[in-house]
file model.txt (compact mmCIF, C-alpha atoms and all ligand atoms)
# COMPACT_ATOMS: atom_id res chain seq x y z
CA MET A 1130 -39.42 -53.65 -147.78
CA ARG A 1131 -36.55 -55.59 -146.33
CA THR A 1132 -34.71 -52.29 -145.74
CA VAL A 1133 -37.71 -50.90 -143.79
CA VAL A 1134 -37.90 -53.98 -141.58
CA PHE A 1135 -34.17 -53.79 -141.03
CA PHE A 1136 -34.45 -50.10 -140.10
CA PHE A 1137 -37.16 -50.75 -137.51
CA LEU A 1138 -35.21 -53.69 -136.17
CA LEU A 1139 -32.13 -51.47 -135.83
CA LEU A 1140 -34.20 -48.75 -134.20
CA HIS A 1141 -35.58 -51.26 -131.72
CA ILE A 1142 -32.18 -52.71 -130.89
CA SER A 1143 -30.51 -49.33 -130.47
CA MET A 1144 -33.28 -48.07 -128.17
CA ALA A 1145 -33.19 -51.25 -126.10
CA ALA A 1146 -29.42 -51.03 -125.82
CA GLY A 1147 -29.72 -47.45 -124.60
CA LEU A 1148 -27.79 -46.05 -127.55
CA TRP A 1149 -30.23 -43.18 -127.72
CA PRO A 1150 -30.02 -41.13 -124.59
CA ARG A 1151 -33.10 -41.07 -122.43
CA PRO A 1152 -34.39 -37.53 -121.69
CA ALA A 1153 -33.12 -37.43 -118.07
CA ILE A 1154 -29.63 -38.40 -119.11
CA ALA A 1155 -29.71 -35.94 -121.99
CA ALA A 1156 -30.74 -33.15 -119.60
CA GLN A 1157 -27.98 -34.07 -117.18
CA SER A 1158 -25.24 -34.22 -119.78
CA GLN A 1159 -26.40 -30.84 -121.07
CA ALA A 1160 -25.97 -29.43 -117.54
CA LEU A 1161 -22.43 -30.85 -117.49
CA GLN A 1162 -21.45 -28.98 -120.66
CA LEU A 1163 -19.46 -25.86 -119.86
CA PRO A 1164 -21.34 -22.56 -120.03
CA GLU A 1165 -19.93 -19.32 -121.45
CA ILE A 1166 -20.96 -17.58 -118.25
CA GLY A 1167 -22.34 -19.62 -115.39
CA PHE A 1168 -21.57 -21.12 -112.03
CA ALA A 1169 -21.43 -24.39 -110.14
CA ILE A 1170 -21.97 -24.99 -106.43
CA ILE A 1171 -19.14 -26.95 -104.84
CA LYS A 1172 -20.43 -28.46 -101.63
CA THR A 1173 -17.40 -29.10 -99.41
CA SER A 1174 -19.26 -30.22 -96.29
CA ARG A 1175 -22.52 -29.88 -94.44
CA VAL A 1176 -23.95 -30.09 -90.96
CA ALA A 1177 -27.41 -30.76 -89.56
CA VAL A 1178 -28.58 -27.89 -87.37
CA MET A 1179 -31.75 -27.07 -85.50
CA GLU A 1180 -34.24 -25.50 -87.88
CA GLY A 1181 -34.99 -22.77 -85.32
CA LEU A 1182 -31.44 -21.46 -85.70
CA LEU A 1183 -31.80 -21.02 -89.45
CA LEU A 1184 -35.47 -20.13 -90.00
CA PRO A 1185 -37.53 -17.59 -88.09
CA GLY A 1186 -40.31 -19.53 -86.37
CA GLY A 1187 -38.53 -22.79 -87.17
CA SER A 1188 -38.64 -25.78 -84.86
CA PHE A 1189 -35.89 -26.55 -82.34
CA GLY A 1190 -36.84 -30.21 -82.44
CA LYS A 1191 -36.26 -30.59 -86.17
CA GLN A 1192 -32.91 -30.59 -87.96
CA ILE A 1193 -32.11 -29.22 -91.40
CA ASP A 1194 -28.89 -29.12 -93.39
CA SER A 1195 -26.58 -26.17 -93.49
CA ASN A 1196 -24.07 -26.32 -96.36
CA PHE A 1197 -20.44 -25.22 -96.46
CA SER A 1198 -20.16 -24.35 -100.13
CA ALA A 1199 -17.73 -22.73 -102.53
CA PHE A 1200 -19.05 -21.23 -105.76
CA LEU A 1201 -17.15 -21.76 -108.98
CA ILE A 1202 -17.77 -18.96 -111.47
CA LYS A 1203 -16.97 -19.43 -115.15
CA HIS A 1204 -16.61 -16.26 -117.19
CA ARG A 1205 -15.61 -17.23 -120.75
CA ASP A 1206 -12.02 -18.55 -120.42
CA GLU A 1207 -11.62 -17.60 -116.79
CA TYR A 1208 -12.59 -19.42 -113.63
CA LEU A 1209 -12.78 -17.94 -110.18
CA LEU A 1210 -14.03 -19.06 -106.81
CA PHE A 1211 -16.39 -17.12 -104.54
CA ASP A 1212 -15.72 -18.47 -101.02
CA THR A 1213 -13.95 -21.75 -100.41
CA GLY A 1214 -15.95 -23.66 -97.80
CA MET A 1215 -13.81 -26.23 -95.98
CA GLY A 1216 -10.29 -26.97 -97.23
CA ARG A 1217 -7.77 -29.78 -96.94
CA GLN A 1218 -6.49 -28.61 -93.54
CA ILE A 1219 -9.84 -28.05 -91.85
CA ASP A 1220 -9.32 -30.72 -89.15
CA GLN A 1221 -6.06 -29.15 -87.90
CA GLN A 1222 -7.52 -25.63 -88.22
CA TYR A 1223 -10.60 -26.62 -86.22
CA ARG A 1224 -8.45 -28.16 -83.46
CA ALA A 1225 -6.38 -24.97 -83.28
CA ASP A 1226 -9.11 -22.36 -83.44
CA MET A 1227 -12.47 -23.76 -82.30
CA PRO A 1228 -12.51 -23.76 -78.48
CA LEU A 1229 -13.65 -27.05 -76.91
CA TRP A 1230 -16.84 -25.59 -75.42
CA TRP A 1231 -18.11 -24.48 -78.82
CA ARG A 1232 -17.43 -27.74 -80.61
CA PRO A 1233 -20.74 -29.44 -79.75
CA PHE A 1234 -22.61 -26.50 -81.36
CA PHE A 1235 -20.44 -25.60 -84.36
CA LYS A 1236 -19.38 -28.62 -86.37
CA TYR A 1237 -18.96 -29.89 -89.90
CA GLU A 1238 -19.65 -33.42 -91.04
CA ALA A 1239 -17.23 -35.81 -92.70
CA PRO A 1240 -16.47 -36.41 -95.45
CA VAL A 1241 -15.03 -33.02 -96.29
CA LEU A 1242 -14.59 -32.67 -100.07
CA PRO A 1243 -12.30 -29.66 -100.50
CA ALA A 1244 -12.94 -27.46 -103.54
CA ARG A 1245 -9.35 -27.89 -104.71
CA GLU A 1246 -9.78 -31.67 -104.91
CA GLN A 1247 -13.12 -31.48 -106.68
CA LEU A 1248 -11.69 -29.04 -109.24
CA GLU A 1249 -8.58 -31.14 -109.88
CA LEU A 1250 -10.67 -34.29 -110.35
CA ALA A 1251 -12.76 -32.48 -112.94
CA GLY A 1252 -9.71 -31.11 -114.76
CA ILE A 1253 -10.49 -27.43 -114.11
CA PRO A 1254 -7.29 -25.39 -114.65
CA PRO A 1255 -5.63 -23.83 -111.56
CA LEU A 1256 -7.50 -20.74 -110.40
CA ARG A 1257 -5.88 -17.34 -110.50
CA ARG A 1258 -8.40 -15.70 -108.22
CA VAL A 1259 -10.47 -16.53 -105.13
CA ILE A 1260 -12.91 -13.93 -103.80
CA LEU A 1261 -14.12 -14.11 -100.20
CA SER A 1262 -17.59 -12.92 -99.21
CA HIS A 1263 -15.86 -12.47 -95.84
CA SER A 1264 -13.05 -14.06 -93.87
CA HIS A 1265 -14.93 -16.28 -91.39
CA TRP A 1266 -13.54 -19.82 -90.94
CA ASP A 1267 -16.32 -21.61 -92.80
CA HIS A 1268 -15.71 -19.44 -95.91
CA ALA A 1269 -11.92 -19.03 -95.87
CA GLY A 1270 -11.10 -22.64 -94.91
CA GLY A 1271 -9.72 -23.49 -98.34
CA ILE A 1272 -7.61 -20.45 -99.26
CA LEU A 1273 -4.34 -22.21 -98.35
CA ASP A 1274 -5.25 -24.84 -100.97
CA PHE A 1275 -4.88 -22.18 -103.71
CA PRO A 1276 -1.33 -20.82 -103.22
CA GLU A 1277 -1.11 -19.67 -106.85
CA ALA A 1278 -4.30 -17.58 -106.64
CA LYS A 1279 -4.70 -14.05 -105.41
CA ILE A 1280 -7.23 -13.85 -102.60
CA SER A 1281 -9.54 -10.87 -103.12
CA VAL A 1282 -11.33 -9.18 -100.21
CA ALA A 1283 -12.87 -5.79 -99.51
CA ALA A 1284 -10.32 -3.40 -97.98
CA ALA A 1285 -12.47 -3.16 -94.85
CA GLU A 1286 -12.01 -6.92 -94.26
CA MET A 1287 -8.25 -6.50 -93.81
CA ASP A 1288 -8.83 -5.12 -90.28
CA VAL A 1289 -10.36 -8.46 -89.35
CA ILE A 1290 -7.69 -10.43 -91.21
CA ARG A 1291 -4.88 -8.59 -89.41
CA HIS A 1292 -6.50 -9.38 -86.04
CA PRO A 1293 -7.68 -12.98 -86.23
CA THR A 1294 -10.03 -14.41 -83.61
CA ARG A 1295 -10.98 -17.92 -82.55
CA GLY A 1296 -14.43 -19.47 -82.25
CA PRO A 1297 -17.63 -19.77 -84.29
CA GLY A 1298 -17.75 -16.16 -85.49
CA GLY A 1299 -14.00 -15.97 -85.97
CA SER A 1300 -11.55 -15.33 -88.79
CA TRP A 1301 -8.95 -17.92 -87.86
CA ALA A 1302 -5.20 -17.37 -87.67
CA SER A 1303 -4.70 -20.97 -88.84
CA GLN A 1304 -6.38 -20.06 -92.15
CA ILE A 1305 -5.56 -16.42 -92.87
CA SER A 1306 -2.28 -15.52 -91.16
CA SER A 1307 0.19 -17.21 -93.49
CA ALA A 1308 2.64 -14.72 -95.00
CA SER A 1309 2.38 -16.60 -98.30
CA ILE A 1310 -1.24 -15.55 -98.96
CA GLN A 1311 -1.44 -13.09 -101.87
CA TRP A 1312 -4.09 -10.69 -100.60
CA ASP A 1313 -5.71 -8.47 -103.20
CA LEU A 1314 -7.91 -5.54 -102.21
CA LEU A 1315 -11.12 -5.00 -104.18
CA LYS A 1316 -11.53 -1.40 -105.27
CA PHE A 1317 -15.20 -0.45 -105.20
CA GLN A 1318 -16.24 2.48 -107.40
CA PRO A 1319 -18.87 5.16 -106.67
CA GLN A 1320 -20.94 3.51 -109.39
CA PRO A 1321 -24.51 2.76 -108.22
CA TYR A 1322 -25.76 -0.73 -109.02
CA ARG A 1323 -29.19 -2.18 -108.21
CA GLY A 1324 -29.60 0.20 -105.26
CA TYR A 1325 -26.05 -0.19 -103.95
CA ALA A 1326 -24.09 3.08 -103.86
CA GLN A 1327 -20.79 1.38 -104.66
CA SER A 1328 -19.95 -1.51 -106.93
CA LEU A 1329 -17.15 -3.25 -108.76
CA ASP A 1330 -17.84 -4.61 -112.24
CA LEU A 1331 -15.21 -7.36 -112.33
CA PHE A 1332 -14.99 -7.95 -116.08
CA GLY A 1333 -16.35 -4.59 -117.25
CA ASP A 1334 -19.31 -6.26 -118.99
CA GLY A 1335 -21.88 -6.19 -116.17
CA THR A 1336 -21.98 -9.97 -115.72
CA VAL A 1337 -20.11 -10.18 -112.40
CA VAL A 1338 -20.69 -7.23 -110.08
CA LEU A 1339 -19.53 -7.05 -106.46
CA VAL A 1340 -21.16 -4.79 -103.85
CA PRO A 1341 -20.31 -4.01 -100.21
CA MET A 1342 -22.74 -5.51 -97.65
CA PRO A 1343 -21.10 -4.60 -94.32
CA GLY A 1344 -22.31 -5.73 -90.91
CA HIS A 1345 -21.77 -9.45 -90.52
CA THR A 1346 -18.10 -8.46 -90.89
CA PRO A 1347 -16.86 -4.96 -91.88
CA GLY A 1348 -15.80 -6.14 -95.34
CA SER A 1349 -18.66 -8.51 -96.17
CA ILE A 1350 -19.54 -8.37 -99.85
CA GLY A 1351 -22.19 -9.73 -102.20
CA MET A 1352 -21.86 -10.78 -105.84
CA PHE A 1353 -24.39 -10.39 -108.63
CA LEU A 1354 -23.89 -12.84 -111.46
CA THR A 1355 -25.83 -12.72 -114.74
CA VAL A 1356 -25.53 -16.12 -116.41
CA GLY A 1357 -25.91 -16.92 -120.09
CA SER A 1358 -29.70 -17.34 -119.87
CA GLY A 1359 -30.02 -13.78 -118.54
CA GLN A 1360 -31.04 -14.94 -115.06
CA VAL A 1361 -29.43 -12.91 -112.27
CA TYR A 1362 -28.18 -14.64 -109.12
CA PHE A 1363 -27.17 -12.73 -105.99
CA PHE A 1364 -24.63 -14.43 -103.73
CA ILE A 1365 -25.04 -12.84 -100.30
CA GLY A 1366 -22.51 -14.69 -98.14
CA ASP A 1367 -23.73 -14.67 -94.54
CA VAL A 1368 -25.87 -11.51 -94.56
CA ALA A 1369 -28.63 -14.06 -93.97
CA TRP A 1370 -28.37 -17.83 -93.69
CA THR A 1371 -31.51 -18.65 -95.67
CA VAL A 1372 -33.80 -17.04 -98.23
CA GLU A 1373 -36.74 -17.69 -95.90
CA ALA A 1374 -35.01 -15.58 -93.24
CA VAL A 1375 -34.58 -12.71 -95.72
CA LYS A 1376 -38.28 -12.87 -96.62
CA ALA A 1377 -39.20 -12.79 -92.93
CA GLY A 1378 -36.81 -9.90 -92.27
CA ALA A 1379 -35.14 -11.77 -89.42
CA ALA A 1380 -31.64 -12.64 -90.47
CA LYS A 1381 -30.64 -15.06 -87.74
CA PHE A 1382 -31.77 -16.48 -84.43
CA TRP A 1383 -30.86 -13.77 -81.89
CA ALA A 1384 -28.32 -15.83 -79.94
CA ALA A 1385 -26.58 -16.93 -83.14
CA ALA A 1386 -26.61 -13.35 -84.46
CA ALA A 1387 -24.99 -12.13 -81.24
CA LEU A 1388 -22.22 -14.68 -81.77
CA VAL A 1389 -21.46 -14.28 -85.45
CA ASP A 1390 -22.65 -10.83 -86.59
CA GLY A 1391 -19.95 -8.25 -85.93
CA HIS A 1392 -22.26 -5.25 -86.06
CA ALA A 1393 -25.98 -5.84 -85.41
CA GLU A 1394 -27.34 -2.52 -86.77
CA GLN A 1395 -25.25 -2.65 -89.93
CA THR A 1396 -26.25 -6.26 -90.56
CA HIS A 1397 -29.87 -5.24 -90.15
CA SER A 1398 -29.58 -2.38 -92.63
CA SER A 1399 -27.79 -4.64 -95.15
CA LEU A 1400 -30.70 -7.06 -94.74
CA GLU A 1401 -33.30 -4.30 -95.14
CA GLN A 1402 -31.62 -3.11 -98.33
CA LEU A 1403 -31.77 -6.69 -99.59
CA ARG A 1404 -35.50 -6.89 -98.83
CA ILE A 1405 -36.17 -3.67 -100.74
CA LEU A 1406 -34.24 -5.06 -103.71
CA MET A 1407 -36.21 -8.34 -103.57
CA ARG A 1408 -39.48 -6.40 -103.67
CA GLN A 1409 -38.25 -4.44 -106.69
CA GLU A 1410 -36.82 -7.47 -108.47
CA PRO A 1411 -38.75 -10.57 -107.43
CA GLY A 1412 -37.10 -12.53 -110.26
CA LEU A 1413 -33.68 -12.27 -108.65
CA ILE A 1414 -32.45 -15.57 -107.18
CA LEU A 1415 -30.71 -15.24 -103.82
CA LEU A 1416 -27.95 -17.61 -102.81
CA PRO A 1417 -27.02 -17.45 -99.14
CA ALA A 1418 -23.75 -19.36 -98.59
CA HIS A 1419 -25.32 -21.94 -96.29
CA ASP A 1420 -28.87 -22.36 -97.65
CA SER A 1421 -29.15 -26.06 -98.53
CA ALA A 1422 -32.74 -25.79 -99.84
CA VAL A 1423 -31.78 -23.30 -102.59
CA GLN A 1424 -28.56 -25.15 -103.39
CA ASP A 1425 -30.25 -28.57 -103.57
CA ARG A 1426 -32.66 -27.14 -106.14
CA LEU A 1427 -29.84 -25.78 -108.34
CA GLY A 1428 -27.68 -28.92 -108.12
CA TYR A 1429 -23.99 -29.37 -107.42
CA PHE A 1430 -20.69 -29.39 -109.30
CA PRO A 1431 -20.00 -30.81 -111.88
CA GLN A 1432 -23.49 -29.63 -112.76
CA TRP A 1433 -23.56 -26.04 -114.02
CA VAL A 1434 -26.14 -23.30 -113.66
CA LYS A 1435 -26.17 -21.35 -116.88
ZN ZN B 1501 -19.79 -15.66 -91.47

call {"tool": "encode", "arguments": {"input": "model.txt", "output": "C-alpha cells"}}
result
Amino acid sequence: MRTVVFFFLLLHISMAAGLWPRPAIAAQSQALQLPEIGFAIIKTSRVAVMEGLLLPGGSFGKQIDSNFSAFLIKHRDEYLLFDTGMGRQIDQQYRADMPLWWRPFFKYEAPVLPAREQLELAGIPPLRRVILSHSHWDHAGGILDFPEAKISVAAAEMDVIRHPTRGPGGSWASQISSASIQWDLLKFQPQPYRGYAQSLDLFGDGTVVLVPMPGHTPGSIGMFLTVGSGQVYFFIGDVAWTVEAVKAGAAKFWAAAALVDGHAEQTHSSLEQLRILMRQEPGLILLPAHDSAVQDRLGYFPQWVK
C-alpha cells in the first residue's frame, strides 16, 4: 500500500515538475529529430509587400509577407541547399546592384539571418552542393558564403550568369561574378517525369528530381522531393510567387511580371504545365520560393518536414 501511495506521489511530482513532456513539446522535439529524407525551410529575410502584387485580385491597401528562403534538403548522409536567400554580404551587394530608384519598391527587412549562419549554429556539416532554382539576386545572395560547395545550375542559366544585370529582376555581378565560384552544370536527361520531358534524378532513387521550368529565366528549374512519409513537395522557384496565383492561372501582377520575368510566353507555358500537373495530382504540395503562407504552415529550420 505504501508503495502505491509513493508511486502516485512520484507520478504527481514528476508531472508537476514537467519531467514528462507535454504533447506540444513532444511534437516539436519530434520535428527537430533528423529525417532520413526531408527538408527544412531556412528563412533568411522577409519583406511586407502589397497583396495585389502577389495574389491575383489581391488588395493594394493590404500588406502580406514575402519570404526570402533557402531550402535545406537532407538525403540520408548528405545535405544540400536549394536556393540561398540572402547571404552575409547582402547589404554591400544591394548597394552595388540595386539602383536607387528601385529601392523603395524592392527591399528586404532586417535582421537578415544568412543560411550559412543558421546551419553553423545548428552544427550542420559544411555543404558540398548548392542548387539554384535560378540566379536572381534574392536566390543567389548566399552563394559566396559556401566557397567549398559546388553551385549547380541548369546550363541555360549560364548565359545569364555570364552577363549579369542590375535591378529587381537581375542576376547581380556582386553575387555571381567571382572567379572562385565552382559552377556545376546540371545535365538533364530525356527521361520524362510527371509530365516534364526532361529530368535529372539526383540520387538515382527518385526522391530528388529536378526539371527545367524555363521562362522566368532561361535556366529556371523546379525540384520534386519525396520525403520519408511519401508526401511529394514541388519547389518551383519563381515560376509563380504564391500557390494562390498558380490556382488562379495568373503568375504575377502584370507590371511585376514585366520587370522580373525574362520571357513572358515561356513563363506562361511553364505555369500552364504546372496547373495541368496540379489537376492530375492534387495531393502534391507546391512551394514557391517566396510564399510565406505555405512556409508558415510547414514551419522553419530547425524544424524538419519529413
Ligand atoms: Zn526570380

call {"tool": "residues_around", "arguments": {"input": "model.txt", "residues": "region 1228-1233 of chain A", "least_positions_apart": "5", "cutoff": "8 Å", "atoms": "all atoms listed in the file", "output": "NGL selection string"}}
result
:A and (1295-1297)

call {"tool": "residues_near_ligand", "arguments": {"input": "model.txt", "ligand": "ligand ZN 1501 (chain B)", "cutoff": "10 Å", "atoms": "only C-alpha atoms and all ligand atoms", "output": "CSV table (one decimal) with C-alpha atoms, keeping the file's coordinate frame"}}
result
chain,number,residue,atom,x,y,z
A,1262,SER,CA,-17.6,-12.9,-99.2
A,1263,HIS,CA,-15.9,-12.5,-95.8
A,1264,SER,CA,-13.0,-14.1,-93.9
A,1265,HIS,CA,-14.9,-16.3,-91.4
A,1266,TRP,CA,-13.5,-19.8,-90.9
A,1267,ASP,CA,-16.3,-21.6,-92.8
A,1268,HIS,CA,-15.7,-19.4,-95.9
A,1269,ALA,CA,-11.9,-19.0,-95.9
A,1297,PRO,CA,-17.6,-19.8,-84.3
A,1298,GLY,CA,-17.8,-16.2,-85.5
A,1299,GLY,CA,-14.0,-16.0,-86.0
A,1300,SER,CA,-11.6,-15.3,-88.8
A,1345,HIS,CA,-21.8,-9.4,-90.5
A,1346,THR,CA,-18.1,-8.5,-90.9
A,1349,SER,CA,-18.7,-8.5,-96.2
A,1366,GLY,CA,-22.5,-14.7,-98.1
A,1367,ASP,CA,-23.7,-14.7,-94.5
A,1368,VAL,CA,-25.9,-11.5,-94.6
A,1369,ALA,CA,-28.6,-14.1,-94.0
A,1370,TRP,CA,-28.4,-17.8,-93.7
A,1389,VAL,CA,-21.5,-14.3,-85.4
A,1390,ASP,CA,-22.6,-10.8,-86.6
A,1391,GLY,CA,-20.0,-8.2,-85.9
A,1418,ALA,CA,-23.8,-19.4,-98.6
A,1419,HIS,CA,-25.3,-21.9,-96.3

call {"tool": "residues_around", "arguments": {"input": "model.txt", "residues": "Gly1190 (chain A)", "least_positions_apart": "3", "cutoff": "9 Å", "atoms": "all atoms listed in the file", "output": "list in words"}}
result
Met1179, Glu1180, Gly1181 and Gly1187 of chain A

call {"tool": "write_last_selection", "arguments": {"input": "model.txt", "atoms": "C-alpha atoms", "output": "mmCIF file, in the frame of the given file"}}
result
data_model
loop_
_atom_site.group_PDB
_atom_site.id
_atom_site.type_symbol
_atom_site.label_atom_id
_atom_site.label_comp_id
_atom_site.auth_asym_id
_atom_site.auth_seq_id
_atom_site.Cartn_x
_atom_site.Cartn_y
_atom_site.Cartn_z
ATOM 1 C CA MET A 1179 -31.750 -27.070 -85.500
ATOM 2 C CA GLU A 1180 -34.240 -25.500 -87.880
ATOM 3 C CA GLY A 1181 -34.990 -22.770 -85.320
ATOM 4 C CA GLY A 1187 -38.530 -22.790 -87.170
#

call {"tool": "closest_residue", "arguments": {"input": "model.txt", "among": "A:Trp1312, A:Arg1224, A:Lys1172, A:Asp1212", "to": "Glu1246 (chain A)", "atoms": "all atoms listed in the file"}}
result
A:Lys1172

call {"tool": "residues_around", "arguments": {"input": "model.txt", "residues": "Phe1353 (chain A)", "least_positions_apart": "3", "cutoff": "10 Å", "atoms": "all atoms listed in the file", "output": "MDAnalysis selection string"}}
result
chainID A and resid 1322:1323 1330 1335:1340 1356 1361:1365 1413:1416

call {"tool": "residues_near_point", "arguments": {"input": "model.txt", "point": "(-9.0, -12.8, -104.5)", "cutoff": "12 Å", "atoms": "all atoms listed in the file", "output": "PyMOL selection string"}}
result
chain A and resi 1208-1213+1256-1264+1269+1272+1275-1284+1310-1316+1331

call {"tool": "atom_distance", "arguments": {"input": "model.txt", "atom1": "CA of Pro1321 (chain A)", "atom2": "CA of Met1342 (chain A)"}}
result
13.5 Å

call {"tool": "residues_near_point", "arguments": {"input": "model.txt", "point": "(-19.6, -21.2, -119.3)", "cutoff": "9 Å", "atoms": "all atoms listed in the file", "output": "count of residues only"}}
result
17

call {"tool": "closest_residue", "arguments": {"input": "model.txt", "among": "A:Phe1332, A:Thr1371, A:Lys1381, A:Val1241", "to": "Ser1421 (chain A)", "atoms": "all atoms listed in the file"}}
result
A:Thr1371

call {"tool": "atom_distance", "arguments": {"input": "model.txt", "atom1": "CA of Asp1226 (chain A)", "atom2": "CA of Gln1304 (chain A)"}}
result
9.4 Å

call {"tool": "atom_distance", "arguments": {"input": "model.txt", "atom1": "CA of Phe1234 (chain A)", "atom2": "CA of Ser1399 (chain A)"}}
result
26.4 Å

call {"tool": "axis_aligned_box", "arguments": {"input": "model.txt", "around": "region 1252-1259 of chain A", "padding_each_side": "5 Å", "output": "lines of an AutoDock Vina configuration file"}}
result
center_x = -8.1
center_y = -23.4
center_z = -109.9
size_x = 14.9
size_y = 25.4
size_z = 19.6

call {"tool": "closest_residue", "arguments": {"input": "model.txt", "among": "A:Gly1378, A:Gly1344, A:Gly1324, A:Gly1333", "to": "Leu1406 (chain A)", "atoms": "only C-alpha atoms"}}
result
A:Gly1324

call {"tool": "residues_around", "arguments": {"input": "model.txt", "residues": "Ala1422 (chain A)", "least_positions_apart": "6", "cutoff": "10 Å", "atoms": "only C-alpha atoms", "output": "compact mmCIF listing (two decimals) with C-alpha atoms, keeping the file's coordinate frame"}}
result
# COMPACT_ATOMS: atom_id res chain seq x y z
CA ILE A 1193 -32.11 -29.22 -91.40
CA ASP A 1194 -28.89 -29.12 -93.39
CA SER A 1195 -26.58 -26.17 -93.49
CA ASN A 1196 -24.07 -26.32 -96.36
CA THR A 1371 -31.51 -18.65 -95.67
CA VAL A 1372 -33.80 -17.04 -98.23
CA GLU A 1373 -36.74 -17.69 -95.90
CA LEU A 1416 -27.95 -17.61 -102.81

call {"tool": "closest_residue", "arguments": {"input": "model.txt", "among": "A:Met1215, A:Leu1161, A:Leu1388, A:Ala1199", "to": "Gly1271 (chain A)", "atoms": "only C-alpha atoms"}}
result
A:Met1215

call {"tool": "closest_residue", "arguments": {"input": "model.txt", "among": "A:Gly1270, A:Pro1319, A:Pro1417, A:Pro1254", "to": "Leu1242 (chain A)", "atoms": "only C-alpha atoms"}}
result
A:Gly1270

call {"tool": "closest_residue", "arguments": {"input": "model.txt", "among": "A:Val1375, A:Gly1186, A:Asp1425, A:Pro1255", "to": "Met1407 (chain A)", "atoms": "only C-alpha atoms"}}
result
A:Val1375

call {"tool": "decode", "arguments": {"input": "model.txt", "residues": "region 1367-1421 of chain A", "atoms": "C-alpha atoms", "output": "mmCIF file, in the first residue's frame"}}
result
data_model
loop_
_atom_site.group_PDB
_atom_site.id
_atom_site.type_symbol
_atom_site.label_atom_id
_atom_site.label_comp_id
_atom_site.auth_asym_id
_atom_site.auth_seq_id
_atom_site.Cartn_x
_atom_site.Cartn_y
_atom_site.Cartn_z
ATOM 1 C CA ASP A 1367 9.806 31.968 -59.012
ATOM 2 C CA VAL A 1368 7.624 30.398 -61.720
ATOM 3 C CA ALA A 1369 4.864 31.831 -59.517
ATOM 4 C CA TRP A 1370 5.174 33.741 -56.267
ATOM 5 C CA THR A 1371 2.249 32.086 -54.485
ATOM 6 C CA VAL A 1372 0.186 28.906 -54.692
ATOM 7 C CA GLU A 1373 -2.951 31.050 -54.951
ATOM 8 C CA ALA A 1374 -1.522 32.646 -58.100
ATOM 9 C CA VAL A 1375 -0.907 29.205 -59.629
ATOM 10 C CA LYS A 1376 -4.505 28.184 -58.885
ATOM 11 C CA ALA A 1377 -5.773 31.383 -60.491
ATOM 12 C CA GLY A 1378 -3.517 30.901 -63.523
ATOM 13 C CA ALA A 1379 -2.089 34.404 -63.166
ATOM 14 C CA ALA A 1380 1.516 34.117 -62.132
ATOM 15 C CA LYS A 1381 2.295 37.699 -61.194
ATOM 16 C CA PHE A 1382 0.875 41.192 -61.282
ATOM 17 C CA TRP A 1383 1.485 42.362 -64.877
ATOM 18 C CA ALA A 1384 3.875 45.201 -64.011
ATOM 19 C CA ALA A 1385 5.932 42.950 -61.744
ATOM 20 C CA ALA A 1386 5.961 40.207 -64.390
ATOM 21 C CA ALA A 1387 7.237 42.685 -66.971
ATOM 22 C CA LEU A 1388 10.096 43.537 -64.612
ATOM 23 C CA VAL A 1389 11.195 40.124 -63.425
ATOM 24 C CA ASP A 1390 10.054 37.505 -65.963
ATOM 25 C CA GLY A 1391 12.627 37.184 -68.727
ATOM 26 C CA HIS A 1392 10.292 35.575 -71.236
ATOM 27 C CA ALA A 1393 6.537 36.126 -70.768
ATOM 28 C CA GLU A 1394 5.254 33.359 -73.090
ATOM 29 C CA GLN A 1395 7.632 30.735 -71.732
ATOM 30 C CA THR A 1396 6.762 31.671 -68.156
ATOM 31 C CA HIS A 1397 3.102 31.317 -69.033
ATOM 32 C CA SER A 1398 3.578 27.860 -70.555
ATOM 33 C CA SER A 1399 5.637 26.731 -67.536
ATOM 34 C CA LEU A 1400 2.754 27.924 -65.361
ATOM 35 C CA GLU A 1401 0.156 26.158 -67.523
ATOM 36 C CA GLN A 1402 2.107 22.918 -67.314
ATOM 37 C CA LEU A 1403 2.147 23.332 -63.537
ATOM 38 C CA ARG A 1404 -1.635 23.810 -63.466
ATOM 39 C CA ILE A 1405 -2.180 20.643 -65.509
ATOM 40 C CA LEU A 1406 0.048 18.741 -63.079
ATOM 41 C CA MET A 1407 -1.865 20.134 -60.074
ATOM 42 C CA ARG A 1408 -5.147 18.953 -61.585
ATOM 43 C CA GLN A 1409 -3.671 15.480 -62.112
ATOM 44 C CA GLU A 1410 -2.021 15.314 -58.700
ATOM 45 C CA PRO A 1411 -3.980 17.453 -56.251
ATOM 46 C CA GLY A 1412 -2.032 15.894 -53.364
ATOM 47 C CA LEU A 1413 1.215 17.494 -54.496
ATOM 48 C CA ILE A 1414 2.352 20.346 -52.230
ATOM 49 C CA LEU A 1415 3.764 23.350 -54.078
ATOM 50 C CA LEU A 1416 6.457 25.503 -52.541
ATOM 51 C CA PRO A 1417 7.023 28.797 -54.329
ATOM 52 C CA ALA A 1418 10.262 30.373 -53.036
ATOM 53 C CA HIS A 1419 8.526 33.446 -51.618
ATOM 54 C CA ASP A 1420 5.132 32.127 -50.444
ATOM 55 C CA SER A 1421 5.004 32.932 -46.721
#
